[in-house]
>>> print(open('protein19.txt').read())   # compact mmCIF, C-alpha atoms
# COMPACT_ATOMS: atom_id res chain seq x y z
CA MET E 1 182.32 89.21 102.71
CA LEU E 2 178.64 90.10 102.40
CA VAL E 3 176.14 88.05 104.38
CA ASP E 4 173.36 86.18 102.60
CA LYS E 5 170.22 88.25 102.11
CA GLY E 6 167.91 85.30 102.68
CA MET E 7 167.71 81.69 103.69
CA THR E 8 165.88 79.03 101.72
CA ARG E 9 164.20 76.00 103.30
CA ARG E 10 166.98 73.83 101.89
CA ASP E 11 169.56 76.11 103.55
CA PHE E 12 167.65 75.80 106.81
CA LEU E 13 167.60 72.02 106.72
CA LYS E 14 171.29 71.87 105.94
CA ARG E 15 172.07 74.35 108.70
CA THR E 16 170.16 72.44 111.37
CA GLY E 17 171.69 69.12 110.30
CA ALA E 18 168.27 67.81 109.27
CA VAL E 19 167.61 64.72 107.18
CA ALA E 20 164.49 63.90 105.19
CA GLY E 21 162.11 61.32 106.58
CA ALA E 22 158.42 60.63 106.02
CA GLY E 23 158.14 63.97 104.27
CA LEU E 24 159.36 65.85 107.35
CA ALA E 25 162.66 67.35 108.50
CA PHE E 26 164.25 65.87 111.59
CA PRO E 27 167.29 67.53 113.21
CA THR E 28 170.50 65.77 114.03
CA ILE E 29 170.36 64.67 117.66
CA ILE E 30 172.88 66.37 119.94
CA THR E 31 173.12 64.27 123.06
CA GLY E 32 175.56 66.27 125.16
CA PRO E 33 176.75 69.84 125.62
CA ALA E 34 177.57 70.77 122.05
CA LEU E 35 180.41 73.04 123.06
CA GLY E 36 181.42 71.67 126.42
CA ALA E 37 184.80 71.04 127.96
CA ALA E 38 185.40 67.92 125.89
CA ASP E 39 185.16 69.90 122.66
CA VAL E 40 188.42 71.82 122.74
CA PRO E 41 188.73 73.57 119.38
CA ALA E 42 192.00 73.67 117.48
CA ALA E 43 193.69 77.06 117.43
CA SER E 44 192.79 77.56 113.77
CA GLU E 45 189.13 76.70 114.47
CA ARG E 46 188.69 78.70 117.64
CA VAL E 47 186.41 81.71 117.50
CA ARG E 48 187.77 83.99 120.20
CA LEU E 49 184.89 85.29 122.29
CA GLY E 50 184.44 88.18 124.66
CA PHE E 51 181.54 88.06 127.13
CA ILE E 52 179.75 91.29 128.06
CA GLY E 53 177.67 90.79 131.19
CA VAL E 54 178.64 87.66 133.14
CA LYS E 55 176.10 87.32 135.95
CA ASN E 56 173.09 85.00 135.88
CA ARG E 57 172.32 84.46 132.18
CA GLY E 58 175.80 85.70 131.35
CA MET E 59 177.39 82.79 133.22
CA GLN E 60 174.89 80.39 131.65
CA ASN E 61 176.15 81.52 128.25
CA LEU E 62 179.80 81.50 129.31
CA ARG E 63 180.01 77.95 130.66
CA PRO E 64 179.19 76.01 127.46
CA LEU E 65 181.36 78.39 125.40
CA MET E 66 184.22 78.45 127.89
CA LYS E 67 186.87 77.05 125.53
CA HIS E 68 186.28 79.97 123.20
CA ALA E 69 186.45 82.61 125.95
CA VAL E 70 189.36 85.07 125.96
CA ALA E 71 187.79 88.08 127.72
CA VAL E 72 185.00 89.00 130.13
CA CYS E 73 183.36 92.31 131.02
CA ASP E 74 181.05 93.43 133.79
CA VAL E 75 180.33 96.61 135.75
CA ASP E 76 180.30 94.59 138.99
CA LYS E 77 183.89 93.91 140.01
CA VAL E 78 182.99 90.90 142.19
CA VAL E 79 181.05 89.28 139.33
CA LEU E 80 183.87 90.14 136.93
CA ALA E 81 186.53 88.55 139.14
CA ALA E 82 184.55 85.33 139.46
CA ALA E 83 184.10 85.05 135.69
CA LYS E 84 187.76 85.80 135.03
CA GLU E 85 188.79 83.11 137.49
CA ALA E 86 186.48 80.56 135.87
CA VAL E 87 187.89 81.23 132.40
CA GLU E 88 191.50 81.19 133.60
CA LYS E 89 190.93 77.87 135.31
CA ALA E 90 189.73 76.44 132.00
CA ASN E 91 191.88 78.32 129.49
CA GLY E 92 194.88 79.66 131.36
CA SER E 93 194.37 83.34 130.51
CA CYS E 94 191.53 85.84 130.33
CA ALA E 95 191.37 89.61 129.89
CA ALA E 96 188.92 91.46 132.14
CA TYR E 97 187.18 94.77 131.47
CA THR E 98 184.73 97.00 133.31
CA ASP E 99 184.01 99.04 130.14
CA TYR E 100 182.72 97.02 127.18
CA ARG E 101 184.08 99.61 124.75
CA LYS E 102 187.61 98.73 125.80
CA LEU E 103 186.86 95.05 125.19
CA LEU E 104 185.62 95.89 121.70
CA GLU E 105 188.94 97.60 120.92
CA SER E 106 190.83 94.33 121.39
CA LYS E 107 192.10 92.74 118.18
CA ASP E 108 192.28 89.40 120.02
CA ILE E 109 188.48 89.08 120.02
CA ASP E 110 186.47 87.87 117.03
CA ALA E 111 182.95 88.00 118.44
CA VAL E 112 181.03 88.90 121.58
CA VAL E 113 178.23 87.38 123.66
CA ILE E 114 175.97 90.05 125.16
CA SER E 115 174.01 89.04 128.26
CA THR E 116 173.40 92.44 129.85
CA PRO E 117 170.01 93.88 130.85
CA ASP E 118 167.75 94.63 127.89
CA HIS E 119 168.29 98.41 127.90
CA TRP E 120 171.94 97.81 126.96
CA HIS E 121 171.42 95.37 124.06
CA ALA E 122 171.11 97.91 121.24
CA LEU E 123 174.13 100.06 122.06
CA GLN E 124 176.44 97.14 122.74
CA THR E 125 175.35 95.23 119.64
CA ILE E 126 175.71 98.24 117.35
CA HIS E 127 179.07 99.21 118.83
CA ALA E 128 180.26 95.62 118.40
CA CYS E 129 179.21 95.65 114.75
CA GLN E 130 181.06 98.93 114.25
CA ALA E 131 184.14 97.36 115.82
CA GLY E 132 184.00 94.45 113.35
CA LYS E 133 182.82 91.85 115.89
CA ASP E 134 180.09 89.28 115.30
CA VAL E 135 177.45 89.11 118.02
CA PHE E 136 175.33 86.69 120.04
CA CYS E 137 172.79 88.91 121.84
CA GLU E 138 170.38 87.62 124.42
CA LYS E 139 166.64 87.93 123.93
CA PRO E 140 164.67 90.09 123.86
CA LEU E 141 166.82 91.72 121.20
CA SER E 142 165.81 95.28 122.11
CA LEU E 143 164.08 97.52 124.63
CA THR E 144 162.27 99.50 121.91
CA ILE E 145 161.18 98.90 118.32
CA HIS E 146 163.39 101.73 117.06
CA GLU E 147 166.41 100.13 118.71
CA GLY E 148 165.71 96.87 116.90
CA GLN E 149 165.51 98.66 113.58
CA ALA E 150 168.88 100.31 114.23
CA MET E 151 170.44 96.96 115.20
CA VAL E 152 169.34 95.35 111.94
CA LYS E 153 170.75 98.27 109.94
CA ALA E 154 174.09 98.06 111.78
CA ALA E 155 174.42 94.31 111.23
CA ARG E 156 173.80 94.75 107.51
CA ARG E 157 175.96 97.84 107.09
CA TYR E 158 178.99 96.28 108.79
CA ASN E 159 178.34 92.75 107.43
CA ARG E 160 178.18 91.16 110.87
CA ILE E 161 176.69 87.84 111.95
CA VAL E 162 174.23 88.61 114.76
CA GLN E 163 172.38 85.73 116.41
CA THR E 164 169.49 86.39 118.81
CA GLY E 165 169.54 84.11 121.85
CA SER E 166 166.12 82.58 121.11
CA GLN E 167 167.41 79.03 121.38
CA GLN E 168 164.00 77.40 121.00
CA ARG E 169 164.41 77.75 117.22
CA SER E 170 167.25 75.25 117.46
CA GLY E 171 165.26 72.79 119.58
CA SER E 172 164.31 69.56 117.80
CA GLU E 173 160.71 69.55 119.07
CA PHE E 174 160.21 73.10 117.79
CA ILE E 175 161.75 72.28 114.40
CA LEU E 176 159.48 69.24 114.03
CA GLY E 177 156.47 71.30 115.11
CA ARG E 178 157.18 73.85 112.42
CA GLU E 179 157.35 71.14 109.77
CA LEU E 180 154.05 69.68 110.96
CA ILE E 181 152.36 73.08 110.77
CA ARG E 182 153.84 73.90 107.38
CA SER E 183 152.90 70.47 105.96
CA GLY E 184 149.25 71.09 106.84
CA ARG E 185 148.97 68.42 109.51
CA ILE E 186 146.40 70.43 111.51
CA GLY E 187 144.97 72.20 108.48
CA LYS E 188 144.67 75.97 108.22
CA VAL E 189 145.69 77.69 111.46
CA HIS E 190 143.11 80.21 112.68
CA THR E 191 144.07 80.80 116.33
CA VAL E 192 147.28 80.70 118.36
CA ARG E 193 147.37 80.75 122.17
CA VAL E 194 150.58 81.61 124.00
CA GLY E 195 150.91 81.12 127.74
CA ILE E 196 153.17 83.44 129.73
CA PRO E 197 154.06 82.83 133.43
CA GLY E 198 153.37 85.32 136.17
CA VAL E 199 156.01 87.65 137.55
CA ASN E 200 158.62 85.91 139.71
CA PHE E 201 159.83 89.08 141.43
CA LYS E 202 162.20 88.29 144.27
CA GLY E 203 160.70 90.47 147.01
CA PRO E 204 160.00 92.00 149.40
CA ALA E 205 160.58 95.61 148.41
CA VAL E 206 163.41 97.51 150.09
CA PRO E 207 164.18 101.24 150.28
CA ASN E 208 166.65 102.92 147.94
CA SER E 209 170.25 102.96 149.13
CA ALA E 210 173.79 103.67 148.06
CA PRO E 211 175.05 101.11 145.54
CA PRO E 212 177.59 98.56 146.78
CA PRO E 213 181.21 99.62 146.21
CA GLU E 214 181.87 96.85 143.67
CA LEU E 215 179.06 98.04 141.33
CA ASP E 216 179.43 100.98 138.94
CA PHE E 217 175.73 101.80 139.07
CA ASP E 218 175.97 104.83 136.78
CA PHE E 219 177.45 102.62 134.07
CA TRP E 220 174.85 99.94 134.84
CA LEU E 221 172.14 102.54 134.12
CA GLY E 222 173.85 103.62 130.92
CA PRO E 223 171.26 105.14 128.55
CA ALA E 224 168.37 104.55 130.96
CA PRO E 225 166.90 107.49 132.92
CA GLU E 226 168.72 108.39 136.11
CA ARG E 227 167.16 106.93 139.23
CA PRO E 228 168.37 105.93 142.71
CA TYR E 229 169.95 102.54 143.27
CA ASN E 230 167.68 99.85 144.66
CA GLU E 231 168.97 96.31 145.14
CA LYS E 232 165.57 94.89 144.11
CA GLN E 233 165.72 96.55 140.71
CA VAL E 234 169.02 95.18 139.42
CA HIS E 235 170.37 91.72 138.54
CA TYR E 236 167.47 89.33 137.85
CA ASN E 237 164.73 91.77 138.91
CA PHE E 238 165.61 94.35 136.25
CA ARG E 239 163.05 92.52 134.06
CA PHE E 240 160.17 93.99 136.00
CA PHE E 241 160.90 97.70 135.57
CA TRP E 242 160.03 99.56 132.38
CA ASP E 243 163.28 101.53 132.10
CA TYR E 244 165.23 98.28 131.70
CA SER E 245 162.87 95.66 130.28
CA GLY E 246 159.29 94.67 129.46
CA GLY E 247 158.30 92.13 132.10
CA GLN E 248 157.30 88.58 131.29
CA MET E 249 156.03 89.75 127.90
CA THR E 250 159.60 90.31 126.71
CA ASN E 251 161.12 87.66 128.98
CA TRP E 252 159.03 84.61 127.98
CA GLY E 253 157.06 86.20 125.17
CA ALA E 254 160.32 86.66 123.30
CA HIS E 255 160.53 82.85 123.20
CA HIS E 256 156.98 81.70 122.52
CA LEU E 257 155.95 84.64 120.32
CA ASP E 258 159.13 84.02 118.33
CA ILE E 259 157.95 80.46 117.68
CA THR E 260 154.54 81.83 116.68
CA GLN E 261 156.13 84.21 114.17
CA TRP E 262 158.20 81.34 112.76
CA TYR E 263 155.35 78.86 112.41
CA LEU E 264 153.07 81.44 110.79
CA GLY E 265 155.73 82.43 108.25
CA MET E 266 155.85 85.98 109.63
CA ASP E 267 159.60 86.40 110.15
CA GLU E 268 159.56 89.41 107.80
CA SER E 269 156.21 90.75 108.97
CA GLY E 270 154.03 90.68 112.07
CA PRO E 271 150.58 91.49 113.47
CA VAL E 272 148.50 94.43 112.26
CA SER E 273 146.84 95.16 115.60
CA ALA E 274 147.09 94.54 119.33
CA VAL E 275 144.67 95.18 122.20
CA GLY E 276 145.40 94.33 125.81
CA THR E 277 144.39 94.42 129.45
CA ALA E 278 146.55 94.02 132.54
CA VAL E 279 146.45 93.52 136.31
CA TYR E 280 149.14 95.19 138.41
CA ASN E 281 150.65 94.21 141.74
CA THR E 282 148.58 95.83 144.49
CA GLU E 283 151.70 96.62 146.55
CA ARG E 284 153.47 98.14 143.53
CA LEU E 285 156.54 96.02 144.20
CA TYR E 286 157.40 96.30 140.52
CA GLU E 287 156.16 98.28 137.50
CA VAL E 288 155.23 95.73 134.84
CA PRO E 289 151.89 93.86 134.93
CA GLU E 290 151.41 90.97 137.31
CA SER E 291 149.34 89.37 134.57
CA PHE E 292 147.95 90.43 131.21
CA GLU E 293 146.09 89.33 128.11
CA VAL E 294 146.87 90.68 124.65
CA THR E 295 144.99 89.79 121.48
CA TYR E 296 146.75 90.29 118.16
CA LYS E 297 145.42 90.07 114.62
CA TYR E 298 147.66 89.01 111.73
CA PRO E 299 147.20 90.06 108.10
CA ASN E 300 146.43 86.44 107.15
CA GLY E 301 143.44 86.44 109.51
CA VAL E 302 145.05 84.50 112.37
CA THR E 303 144.16 85.57 115.92
CA LEU E 304 146.91 85.36 118.55
CA ILE E 305 145.99 85.44 122.25
CA CYS E 306 148.86 85.84 124.71
CA GLY E 307 148.59 85.87 128.48
CA ARG E 308 148.89 84.18 131.82
CA ASN E 309 145.57 82.33 131.50
CA GLU E 310 146.76 80.33 128.49
CA LYS E 311 148.65 77.03 128.66
CA GLY E 312 152.39 77.66 128.99
CA GLY E 313 154.01 77.37 125.56
CA ALA E 314 152.29 77.83 122.19
CA THR E 315 149.08 76.15 121.02
CA PHE E 316 148.15 76.30 117.34
CA GLU E 317 144.50 75.64 116.49
CA GLY E 318 143.68 74.57 112.93
CA ASP E 319 140.58 73.38 111.15
CA LYS E 320 141.84 69.76 111.32
CA GLY E 321 143.46 69.62 114.74
CA THR E 322 145.62 71.32 117.37
CA LEU E 323 149.37 71.39 117.95
CA PHE E 324 150.96 72.31 121.29
CA VAL E 325 154.70 72.87 121.67
CA ASN E 326 156.90 73.78 124.60
CA ARG E 327 160.36 72.81 125.74
CA GLY E 328 160.54 69.03 125.64
CA LYS E 329 156.88 68.72 124.63
CA LEU E 330 155.07 68.31 121.33
CA GLU E 331 151.43 67.23 121.28
CA LEU E 332 148.92 66.83 118.46
CA THR E 333 145.17 66.56 118.91
CA PRO E 334 143.64 64.20 117.86
CA GLY E 335 146.45 62.00 119.12
CA GLU E 336 146.70 59.87 116.01
CA LEU E 337 147.88 62.90 114.06
CA LEU E 338 151.34 62.52 115.60
CA THR E 339 152.91 59.39 114.11
CA GLU E 340 156.56 60.53 114.16
CA ALA E 341 158.91 60.05 117.09
CA VAL E 342 159.76 63.41 118.66
CA PRO E 343 163.55 63.82 118.55
CA LYS E 344 165.51 65.41 121.40
CA ASN E 345 168.54 67.64 121.25
CA ASN E 346 170.46 70.21 123.25
CA ALA E 347 168.75 73.33 121.91
CA GLU E 348 171.18 75.79 123.48
CA GLY E 349 174.20 73.84 122.29
CA ALA E 350 172.80 73.66 118.77
CA HIS E 351 172.05 77.40 118.85
CA TYR E 352 175.61 78.30 119.86
CA ALA E 353 177.03 75.88 117.30
CA ASN E 354 174.90 77.39 114.55
CA TRP E 355 176.22 80.87 115.40
CA LEU E 356 179.85 79.74 115.42
CA ASP E 357 179.37 77.92 112.12
CA CYS E 358 177.83 81.02 110.57
CA ILE E 359 180.71 83.20 111.75
CA LYS E 360 182.91 81.04 109.54
CA SER E 361 180.51 80.57 106.60
CA ARG E 362 179.05 84.12 106.75
CA LYS E 363 175.56 82.71 106.27
CA LEU E 364 172.66 84.08 108.26
CA PRO E 365 172.15 82.25 111.57
CA THR E 366 168.99 80.46 112.66
CA THR E 367 167.67 83.47 114.58
CA ASP E 368 169.26 86.34 112.69
CA VAL E 369 169.04 89.87 114.08
CA ALA E 370 166.18 90.71 111.70
CA ILE E 371 164.18 87.74 112.99
CA GLY E 372 164.92 88.66 116.60
CA HIS E 373 163.82 92.23 115.90
CA ARG E 374 160.49 91.16 114.41
CA SER E 375 159.77 88.83 117.32
CA ALA E 376 160.68 91.51 119.87
CA THR E 377 158.39 93.90 118.01
CA VAL E 378 155.41 91.63 118.73
CA CYS E 379 156.26 91.85 122.44
CA HIS E 380 156.70 95.63 122.34
CA LEU E 381 153.38 96.16 120.54
CA GLY E 382 151.60 94.13 123.22
CA ASN E 383 153.20 96.16 125.99
CA LEU E 384 152.35 99.36 124.12
CA ALA E 385 148.67 98.41 124.03
CA ILE E 386 148.78 97.59 127.73
CA ARG E 387 150.59 100.75 128.79
CA THR E 388 148.50 103.19 126.77
CA GLY E 389 145.22 101.38 127.36
CA ARG E 390 144.36 101.73 123.68
CA PRO E 391 144.39 99.38 120.70
CA VAL E 392 147.53 99.55 118.58
CA THR E 393 147.24 99.61 114.80
CA TRP E 394 150.52 98.55 113.16
CA ASP E 395 151.80 98.58 109.60
CA PRO E 396 154.28 95.65 109.56
CA ALA E 397 155.60 96.57 106.09
CA LYS E 398 156.52 100.16 107.02
CA GLU E 399 157.03 99.29 110.72
CA GLN E 400 154.92 102.24 111.78
CA ILE E 401 152.09 102.99 114.21
CA ILE E 402 148.94 104.08 112.39
CA GLY E 403 146.69 106.86 113.71
CA ASP E 404 148.12 107.41 117.22
CA THR E 405 150.93 109.96 117.59
CA GLU E 406 151.40 109.28 121.31
CA GLN E 407 151.94 105.58 120.72
CA ALA E 408 154.29 106.38 117.84
CA LYS E 409 156.45 108.47 120.17
CA ARG E 410 156.90 105.41 122.37
CA LEU E 411 158.75 103.48 119.69
CA HIS E 412 161.89 104.91 121.32
CA TYR E 413 162.99 107.07 124.25
CA ALA E 414 165.59 109.79 124.83
CA TYR E 415 168.86 108.24 125.97
CA ARG E 416 170.50 109.69 129.04
CA SER E 417 173.54 111.82 128.18
CA PRO E 418 176.21 111.12 127.03
CA TRP E 419 174.84 107.92 125.47
CA LYS E 420 173.49 108.13 121.92
CA LEU E 421 172.03 105.50 119.62
CA PRO E 422 174.08 105.47 116.39
CA GLU E 423 171.91 106.03 113.31
>>> encode(input="protein19.txt", output="structure tokens")
Amino acid sequence: MLVDKGMTRRDFLKRTGAVAGAGLAFPTIITGPALGAADVPAASERVRLGFIGVKNRGMQNLRPLMKHAVAVCDVDKVVLAAAKEAVEKANGSCAAYTDYRKLLESKDIDAVVISTPDHWHALQTIHACQAGKDVFCEKPLSLTIHEGQAMVKAARRYNRIVQTGSQQRSGSEFILGRELIRSGRIGKVHTVRVGIPGVNFKGPAVPNSAPPPELDFDFWLGPAPERPYNEKQVHYNFRFFWDYSGGQMTNWGAHHLDITQWYLGMDESGPVSAVGTAVYNTERLYEVPESFEVTYKYPNGVTLICGRNEKGGATFEGDKGTLFVNRGKLELTPGELLTEAVPKNNAEGAHYANWLDCIKSRKLPTTDVAIGHRSATVCHLGNLAIRTGRPVTWDPAKEQIIGDTEQAKRLHYAYRSPWKLPE
């Protein structure tokens, strides 16, 4: 069955369980874990899930979806064994794999949840689509812009449902904030300010060493350039090294810049330019900036400023007022602008539930792969401006760099053999 090519506002409201009130859309309140242990699906309703990457964020994704879990995969055998044990305790059986390609061959799996480091997202998502599996892929969707483009093409070609793990789009405060912006409550938006936290690198630095026996480090590297193992560059800290991720820009920017794209109606577009500055750690404990500031310009004239010096979350400045939104917070200035009660829900639970529902209906999910790609692109353009030290000029319609061949070459990188990005 072909997936829907678009989603109307009415479809959105139905999908989020919203009801009309005072001219605004309010989501259904989800008071507990939407997919927790008490919600044991019937066999005919169960979407059988395989989990690729089950440490840290991987376990955070596994726990609320436990009753759907039938398989786990990780290149760390200790991590893998712990995840397998957790699933078996809940479900009674669980297949375990060290190679995700073997998991994808299983006919007992309907869909996969990908929670690996960013440099693995594209290959695993595309291979899953080719194998006929639907996908929930953690944010940021990609490591490079070209990867994101390939992921969108794969999802469409193989008619797969691919949800990006940007759960803020399913949060009630963010949904209400969008409706307030779109209804003109603060007037015409002219400036957006997005606050990004500083690097939370777990130091100090340590010398390179042999990898632990339980970790297949060569497989962990995958398509990334070959480099020695260092215990401070894997697991959570991978975020702070360019070969694997994009620092706090792609870690937290993938959330708040995604909300910016959504509120500005730019899900199918993006900024036309980016210019940035950065400050790096003096001890060079990690590669990404310790702090940065990037200024974007959108084709509708809106200026977006993103950096550590801004208030954490997203602040939208209009000619009639200001709206600030973050997790659990929604503020309007002047205060009397906000007359509606701010609803609360379990954003992550709603996000998982939306994906599972769309697997059955074949409708596009709340944060479809194309949306995740566009939001990740904003992050990548900011990092590109920072890393090259030059302004980036971007054509959002053609998705091309204008006037800078060196920057254009950085839209992708050469994968390490034998890994190849399917075209």
>>> residues_around(input="protein19.txt", residues="range 143-154 of chain E", least_positions_apart="2", cutoff="9 Å", atoms="only C-alpha atoms", output="count of residues only")
42
>>> atom_distance(input="protein19.txt", atom1="CA of Ile401 in chain E", atom2="CA of Ala385 in chain E")
11.4 Å
>>> closest_residue(input="protein19.txt", among="E:Lys89, E:Lys202, E:Lys84, E:Lys55", to="Ser115 in chain E", atoms="only C-alpha atoms")
E:Lys55
>>> closest_atom_pairs(input="protein19.txt", of="range 246-317 of chain E", to="range 392-398 of chain E", cutoff="12 Å", atoms="all atoms listed in the file", output="tab-separated table")
residue	atom	partner	partner_atom	distance
E:Met266	CA	E:Pro396	CA	9.8
E:Asp267	CA	E:Pro396	CA	10.7
E:Glu268	CA	E:Ala397	CA	8.4
E:Ser269	CA	E:Pro396	CA	5.3
E:Gly270	CA	E:Pro396	CA	5.6
E:Pro271	CA	E:Pro396	CA	6.8
E:Val272	CA	E:Trp394	CA	4.7
E:Ser273	CA	E:Thr393	CA	4.5
E:Ala274	CA	E:Val392	CA	5.1
E:Val275	CA	E:Val392	CA	6.4
E:Gly276	CA	E:Val392	CA	9.2
E:Val294	CA	E:Val392	CA	10.8
E:Thr295	CA	E:Val392	CA	10.5
E:Tyr296	CA	E:Val392	CA	9.3
E:Lys297	CA	E:Thr393	CA	9.7
E:Tyr298	CA	E:Pro396	CA	9.6
E:Pro299	CA	E:Pro396	CA	9.1
>>> atom_distance(input="protein19.txt", atom1="CA of Ala341 in chain E", atom2="CA of Glu179 in chain E")
13.4 Å
>>> closest_residue(input="protein19.txt", among="E:Leu180, E:Leu221, E:Ile371, E:Val54", to="Ser166 in chain E", atoms="only C-alpha atoms")
E:Ile371
